[in-house]
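Source file: input_18.pdb (PDB, C-alpha atoms and all ligand atoms)
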ATOM      1  CA  MET Y  95      51.069 -35.803  11.631  1.00  0.00           C
ATOM      2  CA  SER Y  96      54.229 -34.546   9.991  1.00  0.00           C
ATOM      3  CA  ASN Y  97      53.113 -31.048   8.917  1.00  0.00           C
ATOM      4  CA  VAL Y  98      54.156 -28.150  11.140  1.00  0.00           C
ATOM      5  CA  VAL Y  99      53.492 -24.542  10.150  1.00  0.00           C
ATOM      6  CA  VAL Y 100      56.245 -22.052  11.001  1.00  0.00           C
ATOM      7  CA  ALA Y 101      55.707 -18.338  10.470  1.00  0.00           C
ATOM      8  CA  ILE Y 102      58.498 -15.835  10.938  1.00  0.00           C
ATOM      9  CA  THR Y 103      57.415 -12.267  11.696  1.00  0.00           C
ATOM     10  CA  GLY Y 104      59.293  -9.027  12.201  1.00  0.00           C
ATOM     11  CA  ALA Y 105      60.130  -9.194  15.901  1.00  0.00           C
ATOM     12  CA  SER Y 106      63.730  -9.358  17.011  1.00  0.00           C
ATOM     13  CA  GLY Y 107      65.140 -12.864  17.398  1.00  0.00           C
ATOM     14  CA  ALA Y 108      65.196 -14.213  13.835  1.00  0.00           C
ATOM     15  CA  ILE Y 109      67.868 -16.666  14.950  1.00  0.00           C
ATOM     16  CA  TYR Y 110      65.221 -18.568  16.943  1.00  0.00           C
ATOM     17  CA  ALA Y 111      63.298 -19.168  13.725  1.00  0.00           C
ATOM     18  CA  VAL Y 112      66.273 -20.382  11.718  1.00  0.00           C
ATOM     19  CA  ARG Y 113      67.195 -22.851  14.426  1.00  0.00           C
ATOM     20  CA  LEU Y 114      63.587 -23.995  14.892  1.00  0.00           C
ATOM     21  CA  VAL Y 115      63.224 -24.815  11.197  1.00  0.00           C
ATOM     22  CA  GLU Y 116      66.487 -26.723  11.326  1.00  0.00           C
ATOM     23  CA  VAL Y 117      65.454 -28.744  14.382  1.00  0.00           C
ATOM     24  CA  LEU Y 118      62.005 -29.548  12.959  1.00  0.00           C
ATOM     25  CA  MET Y 119      63.545 -30.748   9.712  1.00  0.00           C
ATOM     26  CA  ALA Y 120      66.071 -32.853  11.578  1.00  0.00           C
ATOM     27  CA  ALA Y 121      63.077 -34.388  13.391  1.00  0.00           C
ATOM     28  CA  GLY Y 122      61.710 -35.419   9.982  1.00  0.00           C
ATOM     29  CA  ARG Y 123      58.856 -32.919   9.912  1.00  0.00           C
ATOM     30  CA  THR Y 124      57.441 -31.181   6.865  1.00  0.00           C
ATOM     31  CA  VAL Y 125      57.808 -27.505   7.679  1.00  0.00           C
ATOM     32  CA  HIS Y 126      55.312 -25.198   5.992  1.00  0.00           C
ATOM     33  CA  LEU Y 127      57.192 -21.928   6.155  1.00  0.00           C
ATOM     34  CA  THR Y 128      55.905 -18.413   5.658  1.00  0.00           C
ATOM     35  CA  ILE Y 129      57.807 -15.185   6.274  1.00  0.00           C
ATOM     36  CA  SER Y 130      56.398 -11.663   6.647  1.00  0.00           C
ATOM     37  CA  ALA Y 131      57.926  -8.718   4.796  1.00  0.00           C
ATOM     38  CA  SER Y 132      59.114  -7.229   8.111  1.00  0.00           C
ATOM     39  CA  ALA Y 133      60.693 -10.540   9.076  1.00  0.00           C
ATOM     40  CA  ALA Y 134      62.768 -10.540   5.885  1.00  0.00           C
ATOM     41  CA  HIS Y 135      63.959  -7.058   6.849  1.00  0.00           C
ATOM     42  CA  VAL Y 136      64.882  -8.133  10.392  1.00  0.00           C
ATOM     43  CA  MET Y 137      66.618 -11.289   9.118  1.00  0.00           C
ATOM     44  CA  LYS Y 138      68.823  -9.150   6.910  1.00  0.00           C
ATOM     45  CA  HIS Y 139      69.600  -6.798   9.777  1.00  0.00           C
ATOM     46  CA  GLU Y 140      70.171  -9.392  12.508  1.00  0.00           C
ATOM     47  CA  LEU Y 141      71.604 -12.337  10.592  1.00  0.00           C
ATOM     48  CA  GLY Y 142      72.801 -10.937   7.285  1.00  0.00           C
ATOM     49  CA  LEU Y 143      70.439 -13.309   5.462  1.00  0.00           C
ATOM     50  CA  LYS Y 144      69.058 -12.184   2.117  1.00  0.00           C
ATOM     51  CA  ILE Y 145      65.579 -13.673   1.909  1.00  0.00           C
ATOM     52  CA  ASP Y 146      63.775 -13.145  -1.391  1.00  0.00           C
ATOM     53  CA  LEU Y 147      60.105 -13.581  -0.514  1.00  0.00           C
ATOM     54  CA  ASP Y 148      59.035 -13.795  -4.179  1.00  0.00           C
ATOM     55  CA  ASN Y 149      61.736 -16.292  -5.192  1.00  0.00           C
ATOM     56  CA  PHE Y 150      62.431 -18.137  -1.969  1.00  0.00           C
ATOM     57  CA  ASP Y 151      65.168 -20.739  -1.940  1.00  0.00           C
ATOM     58  CA  PRO Y 152      65.700 -22.869   1.223  1.00  0.00           C
ATOM     59  CA  ASN Y 153      69.422 -22.222   0.890  1.00  0.00           C
ATOM     60  CA  GLN Y 154      68.748 -18.578   1.720  1.00  0.00           C
ATOM     61  CA  LEU Y 155      67.775 -19.841   5.169  1.00  0.00           C
ATOM     62  CA  LEU Y 156      69.563 -23.144   5.699  1.00  0.00           C
ATOM     63  CA  ALA Y 157      72.841 -23.038   3.774  1.00  0.00           C
ATOM     64  CA  ASP Y 158      76.122 -23.065   5.691  1.00  0.00           C
ATOM     65  CA  HIS Y 159      76.250 -19.275   5.403  1.00  0.00           C
ATOM     66  CA  SER Y 160      79.968 -19.337   4.607  1.00  0.00           C
ATOM     67  CA  SER Y 161      79.572 -16.326   2.345  1.00  0.00           C
ATOM     68  CA  LEU Y 162      77.952 -14.099   4.959  1.00  0.00           C
ATOM     69  CA  PRO Y 163      79.591 -10.798   5.836  1.00  0.00           C
ATOM     70  CA  ALA Y 164      82.143 -11.308   8.638  1.00  0.00           C
ATOM     71  CA  ASP Y 165      80.237  -8.957  10.945  1.00  0.00           C
ATOM     72  CA  SER Y 166      76.875 -10.754  10.645  1.00  0.00           C
ATOM     73  CA  THR Y 167      75.611 -12.537  13.748  1.00  0.00           C
ATOM     74  CA  LEU Y 168      75.569 -15.965  12.108  1.00  0.00           C
ATOM     75  CA  SER Y 169      79.075 -15.479  10.829  1.00  0.00           C
ATOM     76  CA  LYS Y 170      80.362 -14.384  14.238  1.00  0.00           C
ATOM     77  CA  MET Y 171      78.696 -17.403  15.823  1.00  0.00           C
ATOM     78  CA  LYS Y 172      80.214 -19.662  13.232  1.00  0.00           C
ATOM     79  CA  HIS Y 173      83.692 -18.376  13.894  1.00  0.00           C
ATOM     80  CA  SER Y 174      83.363 -18.157  17.675  1.00  0.00           C
ATOM     81  CA  SER Y 175      85.827 -20.248  19.639  1.00  0.00           C
ATOM     82  CA  SER Y 176      83.096 -22.020  21.598  1.00  0.00           C
ATOM     83  CA  GLU Y 177      80.451 -24.273  20.129  1.00  0.00           C
ATOM     84  CA  ASP Y 178      79.862 -23.312  16.516  1.00  0.00           C
ATOM     85  CA  PHE Y 179      76.432 -22.106  15.586  1.00  0.00           C
ATOM     86  CA  ALA Y 180      76.670 -22.350  11.822  1.00  0.00           C
ATOM     87  CA  LEU Y 181      73.652 -24.358  10.822  1.00  0.00           C
ATOM     88  CA  SER Y 182      75.498 -27.031   8.922  1.00  0.00           C
ATOM     89  CA  SER Y 183      77.852 -27.453  11.851  1.00  0.00           C
ATOM     90  CA  VAL Y 184      75.043 -27.902  14.383  1.00  0.00           C
ATOM     91  CA  LEU Y 185      73.362 -30.483  12.187  1.00  0.00           C
ATOM     92  CA  GLY Y 186      74.797 -32.020   9.049  1.00  0.00           C
ATOM     93  CA  GLU Y 187      73.209 -31.838   5.622  1.00  0.00           C
ATOM     94  CA  SER Y 188      71.902 -35.371   6.074  1.00  0.00           C
ATOM     95  CA  ASP Y 189      69.997 -34.335   9.213  1.00  0.00           C
ATOM     96  CA  LEU Y 190      68.299 -31.501   7.350  1.00  0.00           C
ATOM     97  CA  GLN Y 191      67.365 -33.874   4.552  1.00  0.00           C
ATOM     98  CA  GLN Y 192      65.216 -35.917   6.895  1.00  0.00           C
ATOM     99  CA  GLY Y 193      62.494 -33.291   6.725  1.00  0.00           C
ATOM    100  CA  LYS Y 194      60.942 -31.204   4.007  1.00  0.00           C
ATOM    101  CA  LEU Y 195      60.547 -27.463   3.600  1.00  0.00           C
ATOM    102  CA  VAL Y 196      57.491 -26.093   1.803  1.00  0.00           C
ATOM    103  CA  TYR Y 197      57.435 -22.329   1.369  1.00  0.00           C
ATOM    104  CA  HIS Y 198      54.286 -20.193   1.130  1.00  0.00           C
ATOM    105  CA  HIS Y 199      54.324 -16.487   0.320  1.00  0.00           C
ATOM    106  CA  TYR Y 200      52.790 -14.565   3.228  1.00  0.00           C
ATOM    107  CA  GLN Y 201      50.146 -13.073   0.903  1.00  0.00           C
ATOM    108  CA  ASP Y 202      49.161 -16.362  -0.736  1.00  0.00           C
ATOM    109  CA  PHE Y 203      45.700 -17.092   0.669  1.00  0.00           C
ATOM    110  CA  SER Y 204      45.376 -20.062  -1.686  1.00  0.00           C
ATOM    111  CA  ALA Y 205      48.039 -21.991   0.264  1.00  0.00           C
ATOM    112  CA  GLY Y 206      46.857 -25.203   1.931  1.00  0.00           C
ATOM    113  CA  ILE Y 207      47.623 -23.840   5.403  1.00  0.00           C
ATOM    114  CA  ALA Y 208      44.909 -21.205   4.917  1.00  0.00           C
ATOM    115  CA  SER Y 209      42.286 -23.945   5.242  1.00  0.00           C
ATOM    116  CA  GLY Y 210      41.172 -26.016   8.208  1.00  0.00           C
ATOM    117  CA  SER Y 211      40.914 -29.056   5.945  1.00  0.00           C
ATOM    118  CA  PHE Y 212      44.714 -29.053   5.621  1.00  0.00           C
ATOM    119  CA  LEU Y 213      45.856 -31.128   8.597  1.00  0.00           C
ATOM    120  CA  THR Y 214      48.796 -30.069  10.718  1.00  0.00           C
ATOM    121  CA  ALA Y 215      50.332 -30.901  14.070  1.00  0.00           C
ATOM    122  CA  GLY Y 216      50.338 -27.215  14.939  1.00  0.00           C
ATOM    123  CA  MET Y 217      51.676 -23.790  14.109  1.00  0.00           C
ATOM    124  CA  VAL Y 218      54.492 -21.758  15.601  1.00  0.00           C
ATOM    125  CA  ILE Y 219      54.964 -18.032  15.024  1.00  0.00           C
ATOM    126  CA  CYS Y 220      58.601 -17.437  15.864  1.00  0.00           C
ATOM    127  CA  PRO Y 221      59.438 -14.741  16.654  1.00  0.00           C
ATOM    128  CA  CYS Y 222      55.989 -13.203  16.941  1.00  0.00           C
ATOM    129  CA  SER Y 223      55.723  -9.416  16.659  1.00  0.00           C
ATOM    130  CA  MET Y 224      53.213  -7.444  18.683  1.00  0.00           C
ATOM    131  CA  GLY Y 225      51.667  -6.411  15.364  1.00  0.00           C
ATOM    132  CA  THR Y 226      50.973 -10.007  14.331  1.00  0.00           C
ATOM    133  CA  LEU Y 227      49.828 -10.830  17.872  1.00  0.00           C
ATOM    134  CA  GLY Y 228      47.311  -7.973  17.719  1.00  0.00           C
ATOM    135  CA  SER Y 229      46.060  -8.953  14.280  1.00  0.00           C
ATOM    136  CA  ILE Y 230      45.399 -12.527  15.381  1.00  0.00           C
ATOM    137  CA  ALA Y 231      43.780 -11.380  18.646  1.00  0.00           C
ATOM    138  CA  SER Y 232      41.411  -9.144  16.686  1.00  0.00           C
ATOM    139  CA  GLY Y 233      40.541 -11.810  14.130  1.00  0.00           C
ATOM    140  CA  ALA Y 234      41.757  -9.640  11.251  1.00  0.00           C
ATOM    141  CA  CYS Y 235      43.165 -12.045   8.702  1.00  0.00           C
ATOM    142  CA  GLY Y 236      45.226  -9.562   6.717  1.00  0.00           C
ATOM    143  CA  ASN Y 237      47.790 -12.063   5.502  1.00  0.00           C
ATOM    144  CA  LEU Y 238      48.426 -15.805   5.314  1.00  0.00           C
ATOM    145  CA  ILE Y 239      50.148 -15.811   8.716  1.00  0.00           C
ATOM    146  CA  HIS Y 240      47.115 -14.311  10.466  1.00  0.00           C
ATOM    147  CA  ARG Y 241      44.759 -16.574   8.525  1.00  0.00           C
ATOM    148  CA  ALA Y 242      46.695 -19.770   9.295  1.00  0.00           C
ATOM    149  CA  ALA Y 243      46.825 -18.790  12.974  1.00  0.00           C
ATOM    150  CA  ASP Y 244      43.089 -18.152  12.969  1.00  0.00           C
ATOM    151  CA  VAL Y 245      42.551 -21.552  11.354  1.00  0.00           C
ATOM    152  CA  HIS Y 246      44.617 -23.235  14.074  1.00  0.00           C
ATOM    153  CA  LEU Y 247      42.503 -21.564  16.756  1.00  0.00           C
ATOM    154  CA  LYS Y 248      39.189 -22.461  15.173  1.00  0.00           C
ATOM    155  CA  GLU Y 249      40.294 -26.053  14.547  1.00  0.00           C
ATOM    156  CA  ARG Y 250      41.444 -26.257  18.193  1.00  0.00           C
ATOM    157  CA  ARG Y 251      44.997 -27.083  17.135  1.00  0.00           C
ATOM    158  CA  LYS Y 252      48.239 -25.993  18.742  1.00  0.00           C
ATOM    159  CA  LEU Y 253      49.195 -22.378  18.117  1.00  0.00           C
ATOM    160  CA  ILE Y 254      52.446 -21.308  19.762  1.00  0.00           C
ATOM    161  CA  LEU Y 255      53.314 -17.614  19.725  1.00  0.00           C
ATOM    162  CA  VAL Y 256      56.953 -16.891  20.531  1.00  0.00           C
ATOM    163  CA  ALA Y 257      56.291 -13.265  21.420  1.00  0.00           C
ATOM    164  CA  ARG Y 258      59.179 -10.768  21.672  1.00  0.00           C
ATOM    165  CA  GLU Y 259      58.944  -7.268  23.033  1.00  0.00           C
ATOM    166  CA  THR Y 260      60.044  -5.510  26.167  1.00  0.00           C
ATOM    167  CA  PRO Y 261      58.550  -3.902  28.140  1.00  0.00           C
ATOM    168  CA  LEU Y 262      55.027  -5.015  27.371  1.00  0.00           C
ATOM    169  CA  GLY Y 263      52.259  -2.437  27.142  1.00  0.00           C
ATOM    170  CA  LEU Y 264      48.668  -3.009  28.175  1.00  0.00           C
ATOM    171  CA  ILE Y 265      47.392  -3.732  24.657  1.00  0.00           C
ATOM    172  CA  PRO Y 266      49.815  -6.622  23.885  1.00  0.00           C
ATOM    173  CA  LEU Y 267      49.247  -7.956  27.422  1.00  0.00           C
ATOM    174  CA  GLU Y 268      45.482  -7.932  26.905  1.00  0.00           C
ATOM    175  CA  ASN Y 269      45.950  -9.513  23.474  1.00  0.00           C
ATOM    176  CA  MET Y 270      47.997 -12.282  25.076  1.00  0.00           C
ATOM    177  CA  VAL Y 271      45.232 -12.969  27.602  1.00  0.00           C
ATOM    178  CA  ARG Y 272      42.654 -13.039  24.813  1.00  0.00           C
ATOM    179  CA  LEU Y 273      44.744 -15.405  22.701  1.00  0.00           C
ATOM    180  CA  THR Y 274      45.433 -17.682  25.669  1.00  0.00           C
ATOM    181  CA  GLN Y 275      41.693 -17.848  26.340  1.00  0.00           C
ATOM    182  CA  ALA Y 276      41.197 -18.730  22.661  1.00  0.00           C
ATOM    183  CA  GLY Y 277      43.601 -21.665  22.987  1.00  0.00           C
ATOM    184  CA  ALA Y 278      46.990 -20.275  21.952  1.00  0.00           C
ATOM    185  CA  THR Y 279      50.188 -20.765  23.928  1.00  0.00           C
ATOM    186  CA  ILE Y 280      52.160 -17.599  24.562  1.00  0.00           C
ATOM    187  CA  MET Y 281      55.807 -18.614  24.809  1.00  0.00           C
ATOM    188  CA  PRO Y 282      57.884 -15.460  25.277  1.00  0.00           C
ATOM    189  CA  ALA Y 283      61.335 -15.536  23.729  1.00  0.00           C
ATOM    190  CA  SER Y 284      62.924 -15.308  27.165  1.00  0.00           C
ATOM    191  CA  PRO Y 285      65.297 -18.223  27.700  1.00  0.00           C
ATOM    192  CA  GLY Y 286      66.063 -19.529  31.171  1.00  0.00           C
ATOM    193  CA  PHE Y 287      69.560 -19.497  32.600  1.00  0.00           C
ATOM    194  CA  TYR Y 288      69.270 -22.453  34.972  1.00  0.00           C
ATOM    195  CA  HIS Y 289      70.874 -24.781  32.428  1.00  0.00           C
ATOM    196  CA  ASN Y 290      74.097 -22.739  32.666  1.00  0.00           C
ATOM    197  CA  PRO Y 291      74.216 -21.515  29.056  1.00  0.00           C
ATOM    198  CA  MET Y 292      77.710 -20.782  27.762  1.00  0.00           C
ATOM    199  CA  THR Y 293      76.846 -19.602  24.246  1.00  0.00           C
ATOM    200  CA  ILE Y 294      74.073 -17.839  22.350  1.00  0.00           C
ATOM    201  CA  HIS Y 295      73.478 -21.248  20.814  1.00  0.00           C
ATOM    202  CA  ASP Y 296      72.578 -22.605  24.279  1.00  0.00           C
ATOM    203  CA  LEU Y 297      70.076 -19.783  24.799  1.00  0.00           C
ATOM    204  CA  VAL Y 298      68.503 -20.243  21.374  1.00  0.00           C
ATOM    205  CA  ASP Y 299      68.207 -23.984  21.882  1.00  0.00           C
ATOM    206  CA  PHE Y 300      66.446 -23.481  25.205  1.00  0.00           C
ATOM    207  CA  ILE Y 301      63.598 -21.783  23.320  1.00  0.00           C
ATOM    208  CA  SER Y 302      63.690 -24.200  20.345  1.00  0.00           C
ATOM    209  CA  GLY Y 303      63.553 -27.094  22.783  1.00  0.00           C
ATOM    210  CA  ARG Y 304      60.587 -25.700  24.711  1.00  0.00           C
ATOM    211  CA  ILE Y 305      58.719 -25.180  21.419  1.00  0.00           C
ATOM    212  CA  CYS Y 306      59.421 -28.810  20.457  1.00  0.00           C
ATOM    213  CA  ASP Y 307      58.185 -29.948  23.883  1.00  0.00           C
ATOM    214  CA  HIS Y 308      54.847 -28.254  23.202  1.00  0.00           C
ATOM    215  CA  LEU Y 309      54.673 -29.802  19.735  1.00  0.00           C
ATOM    216  CA  GLU Y 310      55.375 -33.185  21.387  1.00  0.00           C
ATOM    217  CA  ILE Y 311      58.550 -33.638  19.367  1.00  0.00           C
ATOM    218  CA  LYS Y 312      61.259 -35.593  21.170  1.00  0.00           C
ATOM    219  CA  HIS Y 313      64.617 -33.847  21.359  1.00  0.00           C
ATOM    220  CA  GLU Y 314      67.751 -33.529  23.415  1.00  0.00           C
ATOM    221  CA  ILE Y 315      68.904 -30.124  22.305  1.00  0.00           C
ATOM    222  CA  HIS Y 316      69.050 -28.674  25.787  1.00  0.00           C
ATOM    223  CA  GLN Y 317      69.587 -30.052  29.235  1.00  0.00           C
ATOM    224  CA  ARG Y 318      66.463 -30.384  31.354  1.00  0.00           C
ATOM    225  CA  TRP Y 319      66.149 -29.388  34.961  1.00  0.00           C
ATOM    226  CA  GLY Y 320      66.388 -32.504  37.097  1.00  0.00           C
ATOM    227  CA  SER Y 321      68.022 -34.620  34.394  1.00  0.00           C
TER     228      SER Y 321
HETATM  229  C1  LIG T   1      65.350  -4.559  13.692  1.00  0.00           C
HETATM  230  C2  LIG T   1      63.905  -4.582  14.105  1.00  0.00           C
HETATM  231  C3  LIG T   1      63.552  -5.205  15.267  1.00  0.00           C
HETATM  232  C4  LIG T   1      62.205  -5.250  15.679  1.00  0.00           C
HETATM  233  N1  LIG T   1      61.898  -5.905  16.833  1.00  0.00           N
HETATM  234  C5  LIG T   1      60.609  -6.002  17.209  1.00  0.00           C
HETATM  235  C6  LIG T   1      60.263  -6.747  18.364  1.00  0.00           C
HETATM  236  O1  LIG T   1      61.103  -7.309  19.058  1.00  0.00           O
HETATM  237  N2  LIG T   1      58.939  -6.878  18.652  1.00  0.00           N
HETATM  238  C7  LIG T   1      57.957  -6.302  17.902  1.00  0.00           C
HETATM  239  O2  LIG T   1      56.783  -6.471  18.212  1.00  0.00           O
HETATM  240  N3  LIG T   1      58.267  -5.575  16.801  1.00  0.00           N
HETATM  241  C8  LIG T   1      59.549  -5.405  16.427  1.00  0.00           C
HETATM  242  N4  LIG T   1      59.876  -4.681  15.309  1.00  0.00           N
HETATM  243  C9  LIG T   1      58.805  -3.997  14.581  1.00  0.00           C
HETATM  244  C10 LIG T   1      58.046  -4.923  13.630  1.00  0.00           C
HETATM  245  O3  LIG T   1      58.918  -5.430  12.626  1.00  0.00           O
HETATM  246  C11 LIG T   1      56.894  -4.147  12.995  1.00  0.00           C
HETATM  247  O4  LIG T   1      55.914  -3.836  13.986  1.00  0.00           O
HETATM  248  C12 LIG T   1      56.229  -4.865  11.843  1.00  0.00           C
HETATM  249  O5  LIG T   1      55.132  -4.096  11.374  1.00  0.00           O
HETATM  250  C13 LIG T   1      55.731  -6.238  12.218  1.00  0.00           C
HETATM  251  O6  LIG T   1      55.111  -6.799  11.065  1.00  0.00           O
HETATM  252  P1  LIG T   1      54.768  -8.355  10.976  1.00  0.00           P
HETATM  253  O7  LIG T   1      54.088  -8.715  12.245  1.00  0.00           O
HETATM  254  O8  LIG T   1      53.875  -8.451   9.776  1.00  0.00           O
HETATM  255  O9  LIG T   1      56.032  -9.086  10.758  1.00  0.00           O
HETATM  256  C14 LIG T   1      61.216  -4.621  14.891  1.00  0.00           C
HETATM  257  C15 LIG T   1      61.581  -3.980  13.701  1.00  0.00           C
HETATM  258  C16 LIG T   1      62.910  -3.944  13.326  1.00  0.00           C
HETATM  259  C17 LIG T   1      63.285  -3.251  12.045  1.00  0.00           C
END
Since I need it in another form, could you write the structure as structure tokens?
Amino acid sequence: MSNVVVAITGASGAIYAVRLVEVLMAAGRTVHLTISASAAHVMKHELGLKIDLDNFDPNQLLADHSSLPADSTLSKMKHSSSEDFALSSVLGESDLQQGKLVYHHYQDFSAGIASGSFLTAGMVICPCSMGTLGSIASGACGNLIHRAADVHLKERRKLILVARETPLGLIPLENMVRLTQAGATIMPASPGFYHNPMTIHDLVDFISGRICDHLEIKHEIHQRWGS
């Protein structure tokens, strides 16, 4: 099954999402992408990306970002002396073209991913805010992201929540237990350091790689312990 749903919500760590979409497309997957309003705000703040939710263009997410402000995170990564992080320098255009990106507005309940009859290999919410986590844990389907997550739980499909907050209060912790019991995988955005990361890119790829492992997508984007 080629379809993978990726939802980006307004937790810190938008860079994880950009890289995840890139890796999934390079793996030839069809990425069904949806982005919350808060996520668009965080992406502007953290990465300098201008995402227009009503007129989305994949280039807003996956272009080479050469025109970004010099002080944006992506731009700094691109011009860092170590391994470049610019998306088109990590993977070439041809790699990205192996997959397909299908965008759904986060309020569009008529999207295919809102229905269990639309088959997917799983859904990743990356990064996942505590707000979205709570909405899914409560069963409140206030937007397409919550609804698609609910569908993945009821259909007993993979639902990976890349949660980001620190410290964690009792309510998010209880929500995580509840969601785990319901079949979701809580995968905190907390990269390991045992692979001797040298760049932010290495840290981001640790998380992207672990997500791909759980989606059963083969990759070699980070070194494994014991390899
Ligand atoms: C710059 C920035 C960083 C944020 N980081 C986090 C975070 O790490 N975790 C979190 O749960 N919320 C974070 N928030 C707050 C969420 O964006 C906010 O709770 C929002 O309502 C989440 O909505 P969503 O789940 O629909 O995207 C952040 C907000 C901003 C502006």
Just say which residues the PyMOL selection byres (((chain Y and resi 189-203) around 7) and not hetatm) picks in this file, as a CSV table (one decimal) with C-alpha atoms, in the coordinates of the input.
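Output contents, as saved in out_30.csv:
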chain,number,residue,atom,x,y,z
Y,116,GLU,CA,66.5,-26.7,11.3
Y,119,MET,CA,63.5,-30.7,9.7
Y,120,ALA,CA,66.1,-32.9,11.6
Y,121,ALA,CA,63.1,-34.4,13.4
Y,122,GLY,CA,61.7,-35.4,10.0
Y,123,ARG,CA,58.9,-32.9,9.9
Y,124,THR,CA,57.4,-31.2,6.9
Y,125,VAL,CA,57.8,-27.5,7.7
Y,126,HIS,CA,55.3,-25.2,6.0
Y,127,LEU,CA,57.2,-21.9,6.2
Y,128,THR,CA,55.9,-18.4,5.7
Y,129,ILE,CA,57.8,-15.2,6.3
Y,130,SER,CA,56.4,-11.7,6.6
Y,147,LEU,CA,60.1,-13.6,-0.5
Y,185,LEU,CA,73.4,-30.5,12.2
Y,186,GLY,CA,74.8,-32.0,9.0
Y,187,GLU,CA,73.2,-31.8,5.6
Y,188,SER,CA,71.9,-35.4,6.1
Y,204,SER,CA,45.4,-20.1,-1.7
Y,205,ALA,CA,48.0,-22.0,0.3
Y,208,ALA,CA,44.9,-21.2,4.9
Y,237,ASN,CA,47.8,-12.1,5.5
Y,238,LEU,CA,48.4,-15.8,5.3
Y,239,ILE,CA,50.1,-15.8,8.7
Got a sec: who's within 8 Å of region 243-251 of chain Y, counting all atoms listed in the file, leaving out chain neighbours fewer than 3 positions off, as a ChimeraX atom specification?
-> /Y:208-210,215-217,230,233,235,239-240,276-278
Leu297 (chain Y) surroundings by only C-alpha atoms, 12 Å radius, close-in-sequence under 3 positions cut, as an MDAnalysis selection string = chainID Y and resid 107 109:110 113 179 283:294 300:304 315:317
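Among the candidates Y:Leu267, Y:Ile145, Y:Ala134, Y:Ala242, the one nearest to ligand LIG 1 (chain T) when counting all atoms listed in the file is Y:Ala134.
Reported to one decimal place, the separation of CA of Arg258 (chain Y) from CA of Asp307 (chain Y) is 19.3 Å.
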Name the residues, by chain letter and number, that sit within 7 Å of ligand LIG 1 (chain T) using all atoms listed in the file, and give them as a PDB file with C-alpha atoms, in the coordinates of the input.
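Writing the result to selection-v3.pdb gives the following:
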ATOM      1  CA  THR Y 103      57.415 -12.267  11.696  1.00  0.00           C
ATOM      2  CA  GLY Y 104      59.293  -9.027  12.201  1.00  0.00           C
ATOM      3  CA  ALA Y 105      60.130  -9.194  15.901  1.00  0.00           C
ATOM      4  CA  SER Y 106      63.730  -9.358  17.011  1.00  0.00           C
ATOM      5  CA  SER Y 130      56.398 -11.663   6.647  1.00  0.00           C
ATOM      6  CA  ALA Y 131      57.926  -8.718   4.796  1.00  0.00           C
ATOM      7  CA  SER Y 132      59.114  -7.229   8.111  1.00  0.00           C
ATOM      8  CA  ALA Y 133      60.693 -10.540   9.076  1.00  0.00           C
ATOM      9  CA  HIS Y 135      63.959  -7.058   6.849  1.00  0.00           C
ATOM     10  CA  VAL Y 136      64.882  -8.133  10.392  1.00  0.00           C
ATOM     11  CA  HIS Y 139      69.600  -6.798   9.777  1.00  0.00           C
ATOM     12  CA  GLU Y 140      70.171  -9.392  12.508  1.00  0.00           C
ATOM     13  CA  CYS Y 222      55.989 -13.203  16.941  1.00  0.00           C
ATOM     14  CA  SER Y 223      55.723  -9.416  16.659  1.00  0.00           C
ATOM     15  CA  MET Y 224      53.213  -7.444  18.683  1.00  0.00           C
ATOM     16  CA  GLY Y 225      51.667  -6.411  15.364  1.00  0.00           C
ATOM     17  CA  THR Y 226      50.973 -10.007  14.331  1.00  0.00           C
ATOM     18  CA  ARG Y 258      59.179 -10.768  21.672  1.00  0.00           C
ATOM     19  CA  GLU Y 259      58.944  -7.268  23.033  1.00  0.00           C
TER      20      GLU Y 259
END
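We find CA of Lys138 (chain Y) and CA of Ala108 (chain Y) to be spaced 9.3 Å apart.
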In Å to one decimal, how far is CA of Ala101 (chain Y) from CA of Met281 (chain Y)?
-> 14.3 Å
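For the set Y:Arg241, Y:Val99, Y:Ile207, Y:Lys252, the residue with the smallest atom-to-atom gap to Glu310 (chain Y) is Y:Lys252, counting all atoms listed in the file.
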Report the closest atom pair, with its distance in Å rounded to one decimal, for each residue of region 103-145 of chain Y that has an atom no farther than 9 Å from region 150-155 of chain Y; count only C-alpha atoms, sort by chain and then rising residue number, and write it as a tab-separated table.
residue	atom	partner	partner_atom	distance
Y:Val112	CA	Y:Leu155	CA	6.7
Y:Leu143	CA	Y:Gln154	CA	6.7
Y:Lys144	CA	Y:Gln154	CA	6.4
Y:Ile145	CA	Y:Gln154	CA	5.8
On this file, the PyMOL selection byres (((chain Y and resi 280) around 7) and not hetatm) gives some set of residues; write that set as a ChimeraX atom specification.
-> /Y:254-257,270,274,278-279,281-282
